[in-house]
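Peer 1: Dropping a structure here in structure tokens format, bear with me for questions.
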Amino acid sequence: MSERIVIAGASGFVGQYLEQHYRSVGAEVVVVGRNGPGVRWDDAIGLREAVTGADAVINLAGKSVNCRYSDANRAEIFRSRLMTTRAVREAIASSDAPPPVWFNASTATIYRHAEDRPMTESTGELGTGFSVEVAKAWERELFEGNLPDTRRVALRMAIVLGDGSALTPLVNLVRFGLGGPQVDGRWFATAGRRNAGTFHEFRARGGTQRFSWVHIADVLGSIEFLRARPDLDGPVNVAAPHPTDNRTLMAELRRLLGRPVGLPAYRWMLELGSIAIRTETELVLKSRWVAPERLLDAGYEFAYPELATALRDILTDRGLLDASAAR
């Protein structure tokens with residue numbers, strides 16, 4: 001009998017990759033979303049039936065944070081995560097054959113801006129501000145209540161690299177000659193942004209903000225590894241063991257794309273540009289330094305532990321690797 005995997009939020013980049021993989025190995029995949037085929041979020045009975053007898057539930061649902069943090073968007077970022085996580089929890093709680101494991105998306109952004117040392121599950125310090133409060137509330141909703149027959153894992157994912165990921169705009173910058181580091185600097189803060197916790201304070205200098213990442217193949221690999229380890233639950237950092245910094249990331253992209261020169265983007269450029277493309281500078285300026293302590297201690301072997309290898313794989317698949325870097 002084939003496995004049945006429930007994927008909520010399968011329309012996103014990671015969800016599509018997981019759905020394609022599980023279907024390719026013969027699993028029955030049930031998707032949960034706002035519309036389209038599968039189960040709708042407003043169908044509580046359908047959701048309970050979906051999780052009943054499932055081999056695993058993976059919830060990735062939530063509005064993208066790649067937007068301006070307006071009042072409406074902040075509210076929807078919270079609502080979309082908490083509502084969907086609560087709906088999954090209530091469906092599992094009411095099931096007479098609950099799944100053995102439930103993976104729920106979280107984020108490595110839950111940790112503070114870190115330039116001094118890596119943040120692990122055991123010694124990491126949680127941060128402050130809007131994005132961190134979203135992550136904290138998301139995990140509280142996941143671990144609320146008693147689900148004695150279902151193991152719960154919060155996937156604290158770093159920036160996921162793959163075809164169609166956050167890598168795409170960086171590749172475009174390099175190809176247009178703007179592939180230097182994203183350089184932080186001073187910027188004025190409005191009272192509204194400070195009160196909302198959305199203002200990024202200037203700290204890392206010269207593009208030295210840390211960049212923790214993970215290849216999408218290792219997101220899948222981590223989930224499959226954790227499925228086979230019933231002794232592991234709670235928060236798990238899903239991040240490659242060798243993070244880098246923004247300056248090194250951009251230099252490696254220039255090398256692999258055959259663009260020896262790239263102009264840097266300074267804070268004032270990023271602030272004006274983020275308004276134009278409706279996003280936030282925190283996404284590139286916060287220093288995220290995360291280590292996968294629990295995965296490594298448990299014996300997980302990353303398929304892509306090094307940035308250069310991960311980028312080469314992705315760019316090769318997209319036909320973008322420069323001939324000089326292919327040798």
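As shown in the structure tokens, the chain order sets the letters A, B, ...; within each chain, residues go from 1, and ligands are also counted from 1 in the order they appear.
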Give me the residues of stretch 246-290 of chain A that have any atom at most 8 Å from an atom of stretch 165-183 of chain A; for each, the nearest atom pair and the distance in Å, rounded to one decimal. Use only C-alpha atoms, sort by chain and number, and format it as a tab-separated table.
Peer 2:
residue	atom	partner	partner_atom	distance
A:Asn246	CA	A:Pro181	CA	6.0
A:Arg247	CA	A:Pro181	CA	4.8
A:Met250	CA	A:Pro181	CA	6.0
A:Ala251	CA	A:Gly180	CA	7.1
A:Leu253	CA	A:Val171	CA	7.1
A:Arg254	CA	A:Val174	CA	6.2
A:Leu257	CA	A:Arg175	CA	7.5
A:Arg259	CA	A:Val174	CA	6.9
A:Val261	CA	A:Gly177	CA	6.8
A:Gly262	CA	A:Gly179	CA	4.1
A:Leu263	CA	A:Leu178	CA	4.6
A:Pro264	CA	A:Gly180	CA	3.9
A:Ala265	CA	A:Gln182	CA	4.8
A:Tyr266	CA	A:Val183	CA	4.7
A:Arg267	CA	A:Val183	CA	5.9
A:Leu270	CA	A:Gln182	CA	7.8
A:Val284	CA	A:Gln182	CA	7.1
A:Leu285	CA	A:Gln182	CA	7.2
Peer 1: Tell me, as a list of chain:residue names, which residues lie within 12 Å of A:Ile77, counting only C-alpha atoms; anything in the same chain fewer than 3 positions away does not count.
Peer 2: A:Ala61, A:Gly62, A:Lys63, A:Ser64, A:Val65, A:Asn66, A:Cys67, A:Arg68, A:Tyr69, A:Ser70, A:Asp71, A:Ala72, A:Asn73, A:Arg74, A:Ser80, A:Arg81, A:Leu82, A:Met83, A:Thr84, A:Phe130, A:Ser131, A:Glu133, A:Val134, A:Ala135, A:Ala137, A:Trp138
Peer 1: Keeping only N, CA, C and O atoms, take the residues you just selected and write them out as an mmCIF file, in the first residue's frame.
Peer 2:
data_model
loop_
_atom_site.group_PDB
_atom_site.id
_atom_site.type_symbol
_atom_site.label_atom_id
_atom_site.label_comp_id
_atom_site.auth_asym_id
_atom_site.auth_seq_id
_atom_site.Cartn_x
_atom_site.Cartn_y
_atom_site.Cartn_z
ATOM 1 N N ALA A 61 1.734 26.404 4.869
ATOM 2 C CA ALA A 61 0.848 27.492 4.472
ATOM 3 C C ALA A 61 1.185 28.791 5.201
ATOM 4 O O ALA A 61 1.575 28.801 6.366
ATOM 5 N N GLY A 62 1.016 29.899 4.483
ATOM 6 C CA GLY A 62 1.222 31.224 5.069
ATOM 7 C C GLY A 62 1.547 32.230 3.990
ATOM 8 O O GLY A 62 2.252 31.917 3.027
ATOM 9 N N LYS A 63 1.033 33.437 4.141
ATOM 10 C CA LYS A 63 1.322 34.500 3.183
ATOM 11 C C LYS A 63 2.812 34.765 3.123
ATOM 12 O O LYS A 63 3.500 34.809 4.143
ATOM 13 N N SER A 64 3.336 34.983 1.930
ATOM 14 C CA SER A 64 4.749 35.287 1.762
ATOM 15 C C SER A 64 5.127 36.560 2.514
ATOM 16 O O SER A 64 4.373 37.538 2.542
ATOM 17 N N VAL A 65 6.314 36.540 3.126
ATOM 18 C CA VAL A 65 6.816 37.738 3.807
ATOM 19 C C VAL A 65 7.509 38.678 2.825
ATOM 20 O O VAL A 65 7.971 39.754 3.218
ATOM 21 N N ASN A 66 7.577 38.297 1.560
ATOM 22 C CA ASN A 66 8.177 39.150 0.540
ATOM 23 C C ASN A 66 7.146 40.174 0.082
ATOM 24 O O ASN A 66 6.587 40.101 -1.009
ATOM 25 N N CYS A 67 6.880 41.129 0.971
ATOM 26 C CA CYS A 67 5.891 42.168 0.715
ATOM 27 C C CYS A 67 6.213 43.353 1.611
ATOM 28 O O CYS A 67 7.068 43.270 2.495
ATOM 29 N N ARG A 68 5.536 44.477 1.390
ATOM 30 C CA ARG A 68 5.665 45.600 2.312
ATOM 31 C C ARG A 68 4.869 45.283 3.571
ATOM 32 O O ARG A 68 3.767 44.736 3.502
ATOM 33 N N TYR A 69 5.439 45.645 4.736
ATOM 34 C CA TYR A 69 4.784 45.315 5.994
ATOM 35 C C TYR A 69 3.770 46.384 6.377
ATOM 36 O O TYR A 69 3.876 47.046 7.417
ATOM 37 N N SER A 70 2.763 46.533 5.546
ATOM 38 C CA SER A 70 1.649 47.426 5.854
ATOM 39 C C SER A 70 0.803 46.799 6.958
ATOM 40 O O SER A 70 0.958 45.613 7.288
ATOM 41 N N ASP A 71 -0.125 47.569 7.509
ATOM 42 C CA ASP A 71 -1.005 47.031 8.544
ATOM 43 C C ASP A 71 -1.750 45.797 8.025
ATOM 44 O O ASP A 71 -1.842 44.772 8.708
ATOM 45 N N ALA A 72 -2.285 45.913 6.807
ATOM 46 C CA ALA A 72 -3.066 44.809 6.245
ATOM 47 C C ALA A 72 -2.198 43.583 6.000
ATOM 48 O O ALA A 72 -2.598 42.455 6.309
ATOM 49 N N ASN A 73 -0.999 43.783 5.458
ATOM 50 C CA ASN A 73 -0.129 42.638 5.171
ATOM 51 C C ASN A 73 0.378 41.980 6.446
ATOM 52 O O ASN A 73 0.479 40.752 6.523
ATOM 53 N N ARG A 74 0.699 42.793 7.462
ATOM 54 C CA ARG A 74 1.142 42.204 8.726
ATOM 55 C C ARG A 74 0.040 41.352 9.340
ATOM 56 O O ARG A 74 0.289 40.248 9.835
ATOM 57 N N SER A 80 -2.739 34.099 8.359
ATOM 58 C CA SER A 80 -2.592 32.960 7.457
ATOM 59 C C SER A 80 -1.786 31.834 8.088
ATOM 60 O O SER A 80 -2.038 30.652 7.804
ATOM 61 N N ARG A 81 -0.847 32.160 8.943
ATOM 62 C CA ARG A 81 -0.054 31.133 9.618
ATOM 63 C C ARG A 81 -0.799 30.520 10.794
ATOM 64 O O ARG A 81 -0.842 29.305 10.963
ATOM 65 N N LEU A 82 -1.368 31.373 11.627
ATOM 66 C CA LEU A 82 -2.011 30.868 12.838
ATOM 67 C C LEU A 82 -3.298 30.117 12.523
ATOM 68 O O LEU A 82 -3.574 29.064 13.108
ATOM 69 N N MET A 83 -4.080 30.627 11.580
ATOM 70 C CA MET A 83 -5.350 29.970 11.241
ATOM 71 C C MET A 83 -5.108 28.594 10.657
ATOM 72 O O MET A 83 -5.772 27.620 11.035
ATOM 73 N N THR A 84 -4.160 28.492 9.732
ATOM 74 C CA THR A 84 -3.929 27.197 9.082
ATOM 75 C C THR A 84 -3.309 26.192 10.056
ATOM 76 O O THR A 84 -3.683 25.018 10.054
ATOM 77 N N PHE A 130 8.851 42.393 14.415
ATOM 78 C CA PHE A 130 7.672 41.799 13.788
ATOM 79 C C PHE A 130 7.911 40.371 13.311
ATOM 80 O O PHE A 130 7.153 39.456 13.657
ATOM 81 N N SER A 131 8.956 40.148 12.516
ATOM 82 C CA SER A 131 9.187 38.824 11.938
ATOM 83 C C SER A 131 9.396 37.771 13.017
ATOM 84 O O SER A 131 8.922 36.630 12.901
ATOM 85 N N GLU A 133 8.231 37.905 16.142
ATOM 86 C CA GLU A 133 6.966 37.663 16.844
ATOM 87 C C GLU A 133 6.044 36.763 16.031
ATOM 88 O O GLU A 133 5.310 35.943 16.595
ATOM 89 N N VAL A 134 6.086 36.902 14.707
ATOM 90 C CA VAL A 134 5.312 35.988 13.851
ATOM 91 C C VAL A 134 5.779 34.556 14.070
ATOM 92 O O VAL A 134 4.974 33.636 14.259
ATOM 93 N N ALA A 135 7.092 34.361 14.037
ATOM 94 C CA ALA A 135 7.652 33.014 14.197
ATOM 95 C C ALA A 135 7.311 32.426 15.567
ATOM 96 O O ALA A 135 6.955 31.241 15.677
ATOM 97 N N ALA A 137 4.735 33.150 17.518
ATOM 98 C CA ALA A 137 3.305 32.829 17.574
ATOM 99 C C ALA A 137 3.000 31.585 16.746
ATOM 100 O O ALA A 137 2.159 30.759 17.130
ATOM 101 N N TRP A 138 3.672 31.448 15.626
ATOM 102 C CA TRP A 138 3.484 30.292 14.738
ATOM 103 C C TRP A 138 3.827 28.998 15.474
ATOM 104 O O TRP A 138 3.076 28.026 15.441
#
Peer 1: I need the residues of stretch 23-262 of chain A that end up classed as helix (DSSP H, G or I) by DSSP on the backbone, written out as a count of residues only.
Peer 2: 89
Peer 1: Using only C-alpha atoms, which residues of stretch 31-126 of chain A come within 10 Å of stretch 3-6 of chain A, and what is the closest atom pair for each, with the distance in Å to one decimal? Give it as a tab-separated table, sorted by chain and residue number.
Peer 2:
residue	atom	partner	partner_atom	distance
A:Val31	CA	A:Val6	CA	5.9
A:Val32	CA	A:Val6	CA	7.5
A:Gly38	CA	A:Val6	CA	9.9
A:Val39	CA	A:Val6	CA	9.8
A:Leu47	CA	A:Val6	CA	9.5
A:Ala50	CA	A:Val6	CA	6.9
A:Val51	CA	A:Val6	CA	6.7
A:Thr52	CA	A:Arg4	CA	9.9
A:Gly53	CA	A:Arg4	CA	7.9
A:Ala54	CA	A:Arg4	CA	5.1
A:Asp55	CA	A:Arg4	CA	5.5
A:Ala56	CA	A:Ile5	CA	5.2
A:Val57	CA	A:Val6	CA	4.7
A:Ile58	CA	A:Val6	CA	6.1
A:Asn59	CA	A:Val6	CA	8.1
A:Pro99	CA	A:Ile5	CA	9.5
A:Trp102	CA	A:Val6	CA	9.4
Peer 1: Show me a table, sorted first by chain and then by increasing residue number, of the residues of stretch 139-162 of chain A having an atom at most 7 Å from stretch 199-218 of chain A, each with its shortest atom pair and the distance in Å to one decimal, counting only C-alpha atoms and written as CSV.
Peer 2:
residue,atom,partner,partner_atom,distance
A:Ala158,CA,A:Trp213,CA,4.9
A:Ile159,CA,A:Trp213,CA,4.5
A:Val160,CA,A:Val214,CA,5.0
A:Leu161,CA,A:His215,CA,4.8
A:Gly162,CA,A:Ile216,CA,5.7
Peer 1: Store the residues picked out above, limited to all heavy atoms, as a PDB file, in the first residue's frame.
Peer 2:
ATOM      1  N   ALA A 158      16.146  27.971   7.012  1.00  0.00           N
ATOM      2  CA  ALA A 158      16.923  29.106   6.527  1.00  0.00           C
ATOM      3  C   ALA A 158      16.425  29.454   5.128  1.00  0.00           C
ATOM      4  O   ALA A 158      15.433  28.902   4.646  1.00  0.00           O
ATOM      5  CB  ALA A 158      18.403  28.741   6.530  1.00  0.00           C
ATOM      6  N   ILE A 159      17.099  30.378   4.438  1.00  0.00           N
ATOM      7  CA  ILE A 159      16.729  30.730   3.076  1.00  0.00           C
ATOM      8  C   ILE A 159      16.888  29.490   2.199  1.00  0.00           C
ATOM      9  O   ILE A 159      17.970  28.922   2.102  1.00  0.00           O
ATOM     10  CB  ILE A 159      17.607  31.870   2.538  1.00  0.00           C
ATOM     11  CG1 ILE A 159      17.505  33.102   3.441  1.00  0.00           C
ATOM     12  CG2 ILE A 159      17.216  32.206   1.096  1.00  0.00           C
ATOM     13  CD1 ILE A 159      16.133  33.721   3.510  1.00  0.00           C
ATOM     14  N   VAL A 160      15.798  29.076   1.568  1.00  0.00           N
ATOM     15  CA  VAL A 160      15.817  27.868   0.753  1.00  0.00           C
ATOM     16  C   VAL A 160      16.247  28.222  -0.665  1.00  0.00           C
ATOM     17  O   VAL A 160      15.669  29.109  -1.306  1.00  0.00           O
ATOM     18  CB  VAL A 160      14.440  27.184   0.733  1.00  0.00           C
ATOM     19  CG1 VAL A 160      14.489  25.909  -0.111  1.00  0.00           C
ATOM     20  CG2 VAL A 160      13.983  26.857   2.155  1.00  0.00           C
ATOM     21  N   LEU A 161      17.280  27.535  -1.149  1.00  0.00           N
ATOM     22  CA  LEU A 161      17.803  27.783  -2.489  1.00  0.00           C
ATOM     23  C   LEU A 161      17.337  26.699  -3.450  1.00  0.00           C
ATOM     24  O   LEU A 161      17.382  25.511  -3.143  1.00  0.00           O
ATOM     25  CB  LEU A 161      19.332  27.808  -2.463  1.00  0.00           C
ATOM     26  CG  LEU A 161      19.993  28.843  -1.550  1.00  0.00           C
ATOM     27  CD1 LEU A 161      21.508  28.776  -1.692  1.00  0.00           C
ATOM     28  CD2 LEU A 161      19.477  30.248  -1.844  1.00  0.00           C
ATOM     29  N   GLY A 162      16.892  27.114  -4.617  1.00  0.00           N
ATOM     30  CA  GLY A 162      16.443  26.191  -5.646  1.00  0.00           C
ATOM     31  C   GLY A 162      15.942  26.984  -6.833  1.00  0.00           C
ATOM     32  O   GLY A 162      16.042  28.215  -6.873  1.00  0.00           O
TER      33      GLY A 162
END
Peer 1: In Å, rounded to a single decimal, give me how far atom CA of A:Ala105 is from atom CA of A:Glu144.
Peer 2: 15.1 Å
Peer 1: Measuring between only C-alpha atoms, which one of A:Asp245, A:Asp42, A:Asp163, A:Asp297 shows the shortest distance to A:Arg312?
Peer 2: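 Between A:Asp245, A:Asp42, A:Asp163, A:Asp297, the residue approaching A:Arg312 most closely is A:Asp163.
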Peer 1: Identify all residues of stretch 89-310 of chain A in strand (DSSP E or B) (DSSP on the backbone) and supply them as a PyMOL selection string.
Peer 2: chain A and resi 101-107+111+119+126+151-157+159-161+182-183+210-211+213-215+234-238+244-245+265-266+290
Peer 1: Rank A:Asp184, A:Gly273, A:Ile7, A:Ala154 by their smallest atom-to-atom distance to A:Glu19, using only C-alpha atoms, and report the top residue only.
Peer 2: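 Looking only at the distances to A:Glu19, the closest residue turns out to be A:Ile7.
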